[in-house]
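Colleague: What follows is a single structure, and I will ask about it in a moment.
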Number of protein chains: 2
Amino acid sequence: MPPNINNTTQLAQNSDKMAAPISPEETLARFEELSVLEAEFEDAELELIRKSTALNEPLWKKRAEIVAKIPHFWTLVLEQIPVELETFIQPTDFQLFANSLQTIEVSRFEIDDPKGSPRSFSIKFGFDDNEYFFNKELEKKFWYRKSKDWAGLVSEPVKIVWKKGKDLTEGLTDAAYDLAQAKKTLAKTSGGKSKAKAEASLPEYKTLASKIEDDTEGAPSFFTWFGFVSSYRWISAEESEEADKEEKTRLEKLKRGEKLDDDEDEDDEDDDADYQETEVFPQGDECATLLAEDVWPSALRYFKQAHEADDEELSEIDVDDMDQDDSDGEIDIRGLVSKGRTSSTSPPSKKQRKA
Amino acid sequence: MPPNINNTTQLAQNSDKMAAPISPEETLARFEELSVLEAEFEDAELELIRKSTALNEPLWKKRAEIVAKIPHFWTLVLEQIPVELETFIQPTDFQLFANSLQTIEVSRFEIDDPKGSPRSFSIKFGFDDNEYFFNKELEKKFWYRKSKDWAGLVSEPVKIVWKKGKDLTEGLTDAAYDLAQAKKTLAKTSGGKSKAKAEASLPEYKTLASKIEDDTEGAPSFFTWFGFVSSYRWISAEESEEADKEEKTRLEKLKRGEKLDDDEDEDDEDDDADYQETEVFPQGDECATLLAEDVWPSALRYFKQAHEADDEELSEIDVDDMDQDDSDGEIDIRGLVSKGRTSSTSPPSKKQRKA
């Protein structure tokens, strides 16, 4: 959770040959200056996200048109992702992707929304018919929101319509979706005070919490990620707007050199609640960020890597049986997607490069 | 080394329920389209680096003014760097930084140079008097350059004037610097053909190569990095300009749908040379990129992290003796820089935040 520099009232008061010792007052002054500067860096960063989106959007569109003509483009990309992301995707998930993933699309849906954030994004997966679920499209939206003491991505659980006996998440996405719906209904009736307590009393809360507690065996399916809410807690658009306003007021005071009323009315929060008790995919924001900020912009590079690896290993490749589940977590996607390749294809003509 | 998509003449010819098999001709066409698209993505990326530099430069300047008033700012930042970078910095290096590092400054010195690249950067370290070397400033420049089959950062060895018996690199930076000078002299006299062979005959080459071969004990000092040349081989501005021109010609042909003369005159390269035989710091470009693209833009965040950790551990901290060399590679920088802090400082008043 990002700390606020200005909340800090003391800093290393060093004295050595390099610098004279600085007083607590001076220290506080430095932290206040840094706090204002930090906000300016953040504005520059948001401006860059807008610029980047404007520059790249037409290219992503062009890319989508070209890769639609290349079979298994996105599956080959996913084969080359960095290991931090790969740990979130299990062998069965990879098989599902190899069999039916058609498209991936990332968009910054609040880029021009003055009340939203350029940091918000959605990730949309397009699927062909598959044996696991009926959805042709699964879209997960991430809103960048702030509370008084946290800022980050929050999301709503997505309904996956699983085929009978085929739920890779063993009921977790359904239970997460049901709880989110029940919370929405509750929010309409309750005033907002002590909401965490009321939410924890919902039957859907208990169902999900005990499902998570019981579900201790093995790594969860990637599809559990569609049930992710927050690595902290859900934050509504209203709460975020309020926190943003307060932050701006505080910054204006700092800029004018006014004294801050520190830590006012902090007590009205439900800070004894364990928000993570019902989180089905605690690193869901991290996983989403890797997809949106690494896989999506670098897809061509990963595809090339996959193709290079393909060339290099072509003579060695043993086309695996599709149904064979490799239980050590490694799966040969090139094996999965190259079923139709005939061995009469000419050998790689690409020269070996020296490094 | 980045492969060229267009060099590839075959791709997975898949046939499955999703897509009809595609012919080798179609495959080549797709790769050519992607190749053109890749160049457009690269242009967008360069434009973004320019935009980012323009937006952030005044803020970096402001930051430098503020942090000049905070003792040990950069040393505290270096304490929090990611582990990929930390492995390049040894305990003795950290001690040197804690005792005398004053400033770090990154600049994109070719940002407006039509013959240069916005990807080029320099990293300048400012030092106070120290027991190891006489330099007050060590600046390492990295040029983004291209050859026919590689693109990346190259650098020239920097002369560190070590104090007697205090060379942390055991002669490696001196030998790397001497070889670079000898190569420059050679380049003035030779025509350029079979240069690698002539270079390998230089006495400075043999000295450095055998020094590297003999130097097998322990991890090298971070300061060896100042001797880095390239993770591939040195590429001159002229060679890079030539390669860039050829690439542009090739792209223009692709855009017009013309046939490419594949792999013309590739034979005149010294590709049997082992360019890494005299590289003192093989991952020097990676280390530089982490410094310029992670530490530099994120310095405020790392400084805050250091301060947070400081608060949390204040009561536990055992102020280490400065001279004590912690041989397991861990070093308590906060111990090193907080020598002057008195224990009468008020305890941390910052509230614990809940996650």
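Ordering of the structure tokens sets the chain letters (A, B, ...), residue numbers begin anew at 1 in every chain, and ligands are numbered from 1 in the order given.
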Can you pull out every residue within 9 Å of Tyr302 (chain B), counting only C-alpha atoms, but drop anything in the same chain fewer than 3 positions away, and send it as a PyMOL selection string?
Modeller: chain B and resi 76-81+295+298-299+305-307
Colleague: Dump N, CA, C and O atoms for the selected residues as a PDB file, in the first residue's frame?
Modeller:
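So selection_36.pdb came out as:
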```pdb
ATOM      1  N   LEU B  76      19.867   5.556   0.436  1.00  0.00           N
ATOM      2  CA  LEU B  76      18.629   4.943   0.934  1.00  0.00           C
ATOM      3  C   LEU B  76      17.806   4.386  -0.223  1.00  0.00           C
ATOM      4  O   LEU B  76      17.170   3.335  -0.104  1.00  0.00           O
ATOM      5  N   VAL B  77      17.815   5.066  -1.370  1.00  0.00           N
ATOM      6  CA  VAL B  77      17.125   4.559  -2.560  1.00  0.00           C
ATOM      7  C   VAL B  77      17.740   3.215  -2.978  1.00  0.00           C
ATOM      8  O   VAL B  77      17.030   2.237  -3.212  1.00  0.00           O
ATOM      9  N   LEU B  78      19.066   3.184  -3.032  1.00  0.00           N
ATOM     10  CA  LEU B  78      19.747   1.959  -3.497  1.00  0.00           C
ATOM     11  C   LEU B  78      19.486   0.771  -2.557  1.00  0.00           C
ATOM     12  O   LEU B  78      19.544  -0.378  -2.970  1.00  0.00           O
ATOM     13  N   GLU B  79      19.176   1.087  -1.312  1.00  0.00           N
ATOM     14  CA  GLU B  79      18.871   0.008  -0.366  1.00  0.00           C
ATOM     15  C   GLU B  79      17.608  -0.747  -0.771  1.00  0.00           C
ATOM     16  O   GLU B  79      17.432  -1.911  -0.431  1.00  0.00           O
ATOM     17  N   GLN B  80      16.706  -0.062  -1.486  1.00  0.00           N
ATOM     18  CA  GLN B  80      15.384  -0.638  -1.765  1.00  0.00           C
ATOM     19  C   GLN B  80      15.246  -1.186  -3.186  1.00  0.00           C
ATOM     20  O   GLN B  80      14.160  -1.603  -3.580  1.00  0.00           O
ATOM     21  N   ILE B  81      16.315  -1.166  -3.951  1.00  0.00           N
ATOM     22  CA  ILE B  81      16.229  -1.584  -5.349  1.00  0.00           C
ATOM     23  C   ILE B  81      15.841  -3.046  -5.472  1.00  0.00           C
ATOM     24  O   ILE B  81      16.061  -3.837  -4.566  1.00  0.00           O
ATOM     25  N   VAL B 295      15.308   2.557 -11.197  1.00  0.00           N
ATOM     26  CA  VAL B 295      15.769   3.328 -10.037  1.00  0.00           C
ATOM     27  C   VAL B 295      15.531   4.836 -10.236  1.00  0.00           C
ATOM     28  O   VAL B 295      14.984   5.511  -9.368  1.00  0.00           O
ATOM     29  N   SER B 298      11.789   5.838 -10.313  1.00  0.00           N
ATOM     30  CA  SER B 298      11.062   5.422  -9.108  1.00  0.00           C
ATOM     31  C   SER B 298      11.774   5.797  -7.815  1.00  0.00           C
ATOM     32  O   SER B 298      11.433   5.273  -6.748  1.00  0.00           O
ATOM     33  N   ALA B 299      12.744   6.693  -7.890  1.00  0.00           N
ATOM     34  CA  ALA B 299      13.575   6.987  -6.709  1.00  0.00           C
ATOM     35  C   ALA B 299      12.752   7.446  -5.500  1.00  0.00           C
ATOM     36  O   ALA B 299      13.014   7.024  -4.373  1.00  0.00           O
ATOM     37  N   GLN B 305       9.941   3.848   0.714  1.00  0.00           N
ATOM     38  CA  GLN B 305      10.028   2.465   1.230  1.00  0.00           C
ATOM     39  C   GLN B 305      11.121   2.359   2.288  1.00  0.00           C
ATOM     40  O   GLN B 305      10.921   1.741   3.325  1.00  0.00           O
ATOM     41  N   ALA B 306      12.267   2.973   2.006  1.00  0.00           N
ATOM     42  CA  ALA B 306      13.381   2.913   2.951  1.00  0.00           C
ATOM     43  C   ALA B 306      12.965   3.564   4.261  1.00  0.00           C
ATOM     44  O   ALA B 306      13.249   3.064   5.349  1.00  0.00           O
ATOM     45  N   HIS B 307      12.228   4.683   4.128  1.00  0.00           N
ATOM     46  CA  HIS B 307      11.820   5.412   5.307  1.00  0.00           C
ATOM     47  C   HIS B 307      10.774   4.648   6.113  1.00  0.00           C
ATOM     48  O   HIS B 307      10.802   4.623   7.343  1.00  0.00           O
TER      49      HIS B 307
END
```
Colleague: Please provide the set of residues having any atom within 9 Å of Leu55 (chain A), restricted to only C-alpha atoms, with same-chain residues fewer than 4 positions apart removed, written as a PyMOL selection string.
Modeller: (chain A and resi 50-51+59) or (chain B and resi 41+44-45+47-48)
Colleague: How would the residues just picked look written out with all heavy atoms as a PDB file, in the first residue's frame?
Modeller:
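Just written: selection-v3.pdb:
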```pdb
ATOM      1  N   ARG A  50      -2.143   8.572 -21.464  1.00  0.00           N
ATOM      2  CA  ARG A  50      -3.052   9.081 -22.508  1.00  0.00           C
ATOM      3  C   ARG A  50      -2.339   9.152 -23.857  1.00  0.00           C
ATOM      4  O   ARG A  50      -2.858   8.722 -24.876  1.00  0.00           O
ATOM      5  CB  ARG A  50      -3.565  10.478 -22.123  1.00  0.00           C
ATOM      6  CG  ARG A  50      -4.669  10.421 -21.092  1.00  0.00           C
ATOM      7  CD  ARG A  50      -5.318  11.801 -20.883  1.00  0.00           C
ATOM      8  NE  ARG A  50      -5.894  11.852 -19.546  1.00  0.00           N
ATOM      9  CZ  ARG A  50      -5.314  12.415 -18.488  1.00  0.00           C
ATOM     10  NH1 ARG A  50      -4.135  13.022 -18.616  1.00  0.00           N
ATOM     11  NH2 ARG A  50      -5.887  12.384 -17.306  1.00  0.00           N
ATOM     12  N   LYS A  51      -1.112   9.688 -23.837  1.00  0.00           N
ATOM     13  CA  LYS A  51      -0.339   9.832 -25.069  1.00  0.00           C
ATOM     14  C   LYS A  51      -0.038   8.449 -25.674  1.00  0.00           C
ATOM     15  O   LYS A  51      -0.170   8.253 -26.882  1.00  0.00           O
ATOM     16  CB  LYS A  51       0.970  10.568 -24.734  1.00  0.00           C
ATOM     17  CG  LYS A  51       1.906  10.771 -25.903  1.00  0.00           C
ATOM     18  CD  LYS A  51       1.493  11.951 -26.761  1.00  0.00           C
ATOM     19  CE  LYS A  51       2.454  12.126 -27.935  1.00  0.00           C
ATOM     20  NZ  LYS A  51       1.999  13.134 -28.882  1.00  0.00           N
ATOM     21  N   LEU A  59      -2.344   1.221 -33.946  1.00  0.00           N
ATOM     22  CA  LEU A  59      -1.437   0.107 -34.234  1.00  0.00           C
ATOM     23  C   LEU A  59      -1.985  -1.200 -33.659  1.00  0.00           C
ATOM     24  O   LEU A  59      -1.879  -2.260 -34.277  1.00  0.00           O
ATOM     25  CB  LEU A  59      -0.037   0.406 -33.671  1.00  0.00           C
ATOM     26  CG  LEU A  59       0.611   1.701 -34.166  1.00  0.00           C
ATOM     27  CD1 LEU A  59       1.990   1.889 -33.545  1.00  0.00           C
ATOM     28  CD2 LEU A  59       0.731   1.688 -35.698  1.00  0.00           C
TER      29      LEU A  59
ATOM     30  N   PHE B  41       5.336   0.446 -34.342  1.00  0.00           N
ATOM     31  CA  PHE B  41       5.339   0.394 -32.873  1.00  0.00           C
ATOM     32  C   PHE B  41       6.619   1.035 -32.321  1.00  0.00           C
ATOM     33  O   PHE B  41       6.585   1.760 -31.335  1.00  0.00           O
ATOM     34  CB  PHE B  41       5.253  -1.057 -32.372  1.00  0.00           C
ATOM     35  CG  PHE B  41       3.847  -1.577 -32.204  1.00  0.00           C
ATOM     36  CD1 PHE B  41       3.385  -2.649 -32.962  1.00  0.00           C
ATOM     37  CD2 PHE B  41       2.985  -1.023 -31.259  1.00  0.00           C
ATOM     38  CE1 PHE B  41       2.090  -3.143 -32.805  1.00  0.00           C
ATOM     39  CE2 PHE B  41       1.694  -1.511 -31.089  1.00  0.00           C
ATOM     40  CZ  PHE B  41       1.244  -2.575 -31.873  1.00  0.00           C
ATOM     41  N   ALA B  44       6.393   4.759 -32.409  1.00  0.00           N
ATOM     42  CA  ALA B  44       5.519   5.230 -31.331  1.00  0.00           C
ATOM     43  C   ALA B  44       6.272   5.219 -30.004  1.00  0.00           C
ATOM     44  O   ALA B  44       6.166   6.155 -29.197  1.00  0.00           O
ATOM     45  CB  ALA B  44       4.268   4.359 -31.237  1.00  0.00           C
ATOM     46  N   GLU B  45       7.057   4.175 -29.779  1.00  0.00           N
ATOM     47  CA  GLU B  45       7.825   4.042 -28.545  1.00  0.00           C
ATOM     48  C   GLU B  45       8.851   5.174 -28.416  1.00  0.00           C
ATOM     49  O   GLU B  45       8.976   5.776 -27.346  1.00  0.00           O
ATOM     50  CB  GLU B  45       8.528   2.674 -28.554  1.00  0.00           C
ATOM     51  CG  GLU B  45       9.340   2.350 -27.329  1.00  0.00           C
ATOM     52  CD  GLU B  45       8.513   2.258 -26.054  1.00  0.00           C
ATOM     53  OE1 GLU B  45       7.300   1.964 -26.153  1.00  0.00           O
ATOM     54  OE2 GLU B  45       9.074   2.514 -24.980  1.00  0.00           O
ATOM     55  N   GLU B  47       8.682   8.099 -29.801  1.00  0.00           N
ATOM     56  CA  GLU B  47       7.919   9.324 -29.573  1.00  0.00           C
ATOM     57  C   GLU B  47       7.532   9.439 -28.091  1.00  0.00           C
ATOM     58  O   GLU B  47       7.580  10.521 -27.496  1.00  0.00           O
ATOM     59  CB  GLU B  47       6.661   9.287 -30.459  1.00  0.00           C
ATOM     60  CG  GLU B  47       5.767  10.491 -30.371  1.00  0.00           C
ATOM     61  CD  GLU B  47       6.469  11.791 -30.745  1.00  0.00           C
ATOM     62  OE1 GLU B  47       7.442  11.726 -31.514  1.00  0.00           O
ATOM     63  OE2 GLU B  47       6.054  12.853 -30.242  1.00  0.00           O
ATOM     64  N   LEU B  48       7.179   8.305 -27.486  1.00  0.00           N
ATOM     65  CA  LEU B  48       6.806   8.302 -26.069  1.00  0.00           C
ATOM     66  C   LEU B  48       7.997   8.603 -25.161  1.00  0.00           C
ATOM     67  O   LEU B  48       7.839   9.274 -24.140  1.00  0.00           O
ATOM     68  CB  LEU B  48       6.220   6.950 -25.671  1.00  0.00           C
ATOM     69  CG  LEU B  48       4.732   6.783 -25.896  1.00  0.00           C
ATOM     70  CD1 LEU B  48       4.304   5.384 -25.515  1.00  0.00           C
ATOM     71  CD2 LEU B  48       3.944   7.813 -25.080  1.00  0.00           C
TER      72      LEU B  48
END
```
Colleague: Quick one: of A:Leu96, A:Ile212, A:Ala288, A:Leu101, who's nearest to chain B, counting only C-alpha atoms?
Modeller: A:Leu101
Colleague: How far is it from CA of Gln102 (chain B) to CA of His72 (chain B), in Å with one decimal?
Modeller: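 Interatomic distance, CA of Gln102 (chain B) to CA of His72 (chain B): 7.3 Å.
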Colleague: Kindly give the distance, in Å, that separates CA of Tyr177 (chain A) and CA of Glu156 (chain A), rounded to a single decimal.
Modeller: 7.9 Å
Colleague: Go through A:Pro220, A:Gln95, A:Glu25, A:Val106 and flag the residue nearest Asp294 (chain A), using only C-alpha atoms for the distances.
Modeller: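 Looking only at the distances to Asp294 (chain A), the closest residue turns out to be A:Val106.
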Colleague: What residues in region 48-241 of chain B get the DSSP label strand (DSSP E or B)? Please answer as JSON, numbers by chain.
Modeller: {"B": [101, 102, 103, 104, 105, 106, 107, 121, 122, 123, 124, 125, 126, 127, 133, 137, 138, 139, 140, 141, 142, 143, 144, 145, 146, 147, 150, 151, 152, 153, 154, 155, 162]}
Colleague: Quick one, how far is CA of Lys206 (chain B) from CA of Gln181 (chain B)?
Modeller: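 So the two atoms, CA of Lys206 (chain B) and CA of Gln181 (chain B), lie 14.2 Å apart.
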Colleague: According to DSSP computed on the backbone, where in region 81-153 of chain A is there alpha helix (DSSP H)? Give the residues as a list in words.
Modeller: Val83, Glu84, Leu85, Glu86, Pro91, Thr92, Asp93, Phe94, Gln95, Leu96, Phe97, Ala98, Asn99 and Ser100 of chain A
Colleague: Residues within 12 Å of Ile49 (chain A), please, as number ranges by chain. Count only C-alpha atoms; anything in the same chain fewer than 2 positions from it doesn't count.
Modeller: A: 42-47, 51-57, 107-108, 110-112, 117-121, 293; B: 48-49, 51-52
Colleague: For Ala273 (chain A), which of A:Ala187, A:Ala98, A:Ala198, A:Val83 is the closest residue, counting only C-alpha atoms?
Modeller: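 Residue with the minimum atom-to-atom distance to Ala273 (chain A): A:Ala198.
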Colleague: Taking 6 positions as the minimum chain separation for residues in the same chain, which residues sit within 10 Å of Ala219 (chain A) when counting only C-alpha atoms? Answer as number ranges by chain.
Modeller: A: 87-90, 329
Colleague: Restricting it to N, CA, C and O atoms, dump the selection as a tab-separated table (two decimals), in the first residue's frame.
Modeller:
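Final output, part-v9.tsv:
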```tsv
chain	number	residue	atom	x	y	z
A	87	THR	N	2.99	-18.49	-13.56
A	87	THR	CA	2.59	-19.21	-12.34
A	87	THR	C	1.08	-19.12	-12.10
A	87	THR	O	0.54	-19.93	-11.37
A	88	PHE	N	0.43	-18.11	-12.70
A	88	PHE	CA	-1.02	-17.96	-12.51
A	88	PHE	C	-1.82	-18.85	-13.47
A	88	PHE	O	-3.04	-18.94	-13.36
A	89	ILE	N	-1.15	-19.45	-14.44
A	89	ILE	CA	-1.87	-20.21	-15.46
A	89	ILE	C	-1.49	-21.69	-15.37
A	89	ILE	O	-0.32	-22.05	-15.47
A	90	GLN	N	-2.47	-22.52	-15.14
A	90	GLN	CA	-2.23	-23.95	-14.92
A	90	GLN	C	-2.27	-24.73	-16.24
A	90	GLN	O	-2.83	-24.25	-17.23
A	329	GLY	N	3.32	-29.28	-14.34
A	329	GLY	CA	3.03	-27.87	-14.56
A	329	GLY	C	3.59	-27.34	-15.86
A	329	GLY	O	3.30	-26.23	-16.26
```
Colleague: Have a look at A:Asp178, A:Asp274, A:Glu137, A:Asp113 and name the one nearest to chain B; count only C-alpha atoms.
Modeller: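 Checking each candidate against chain B, we get A:Asp274 as the closest.
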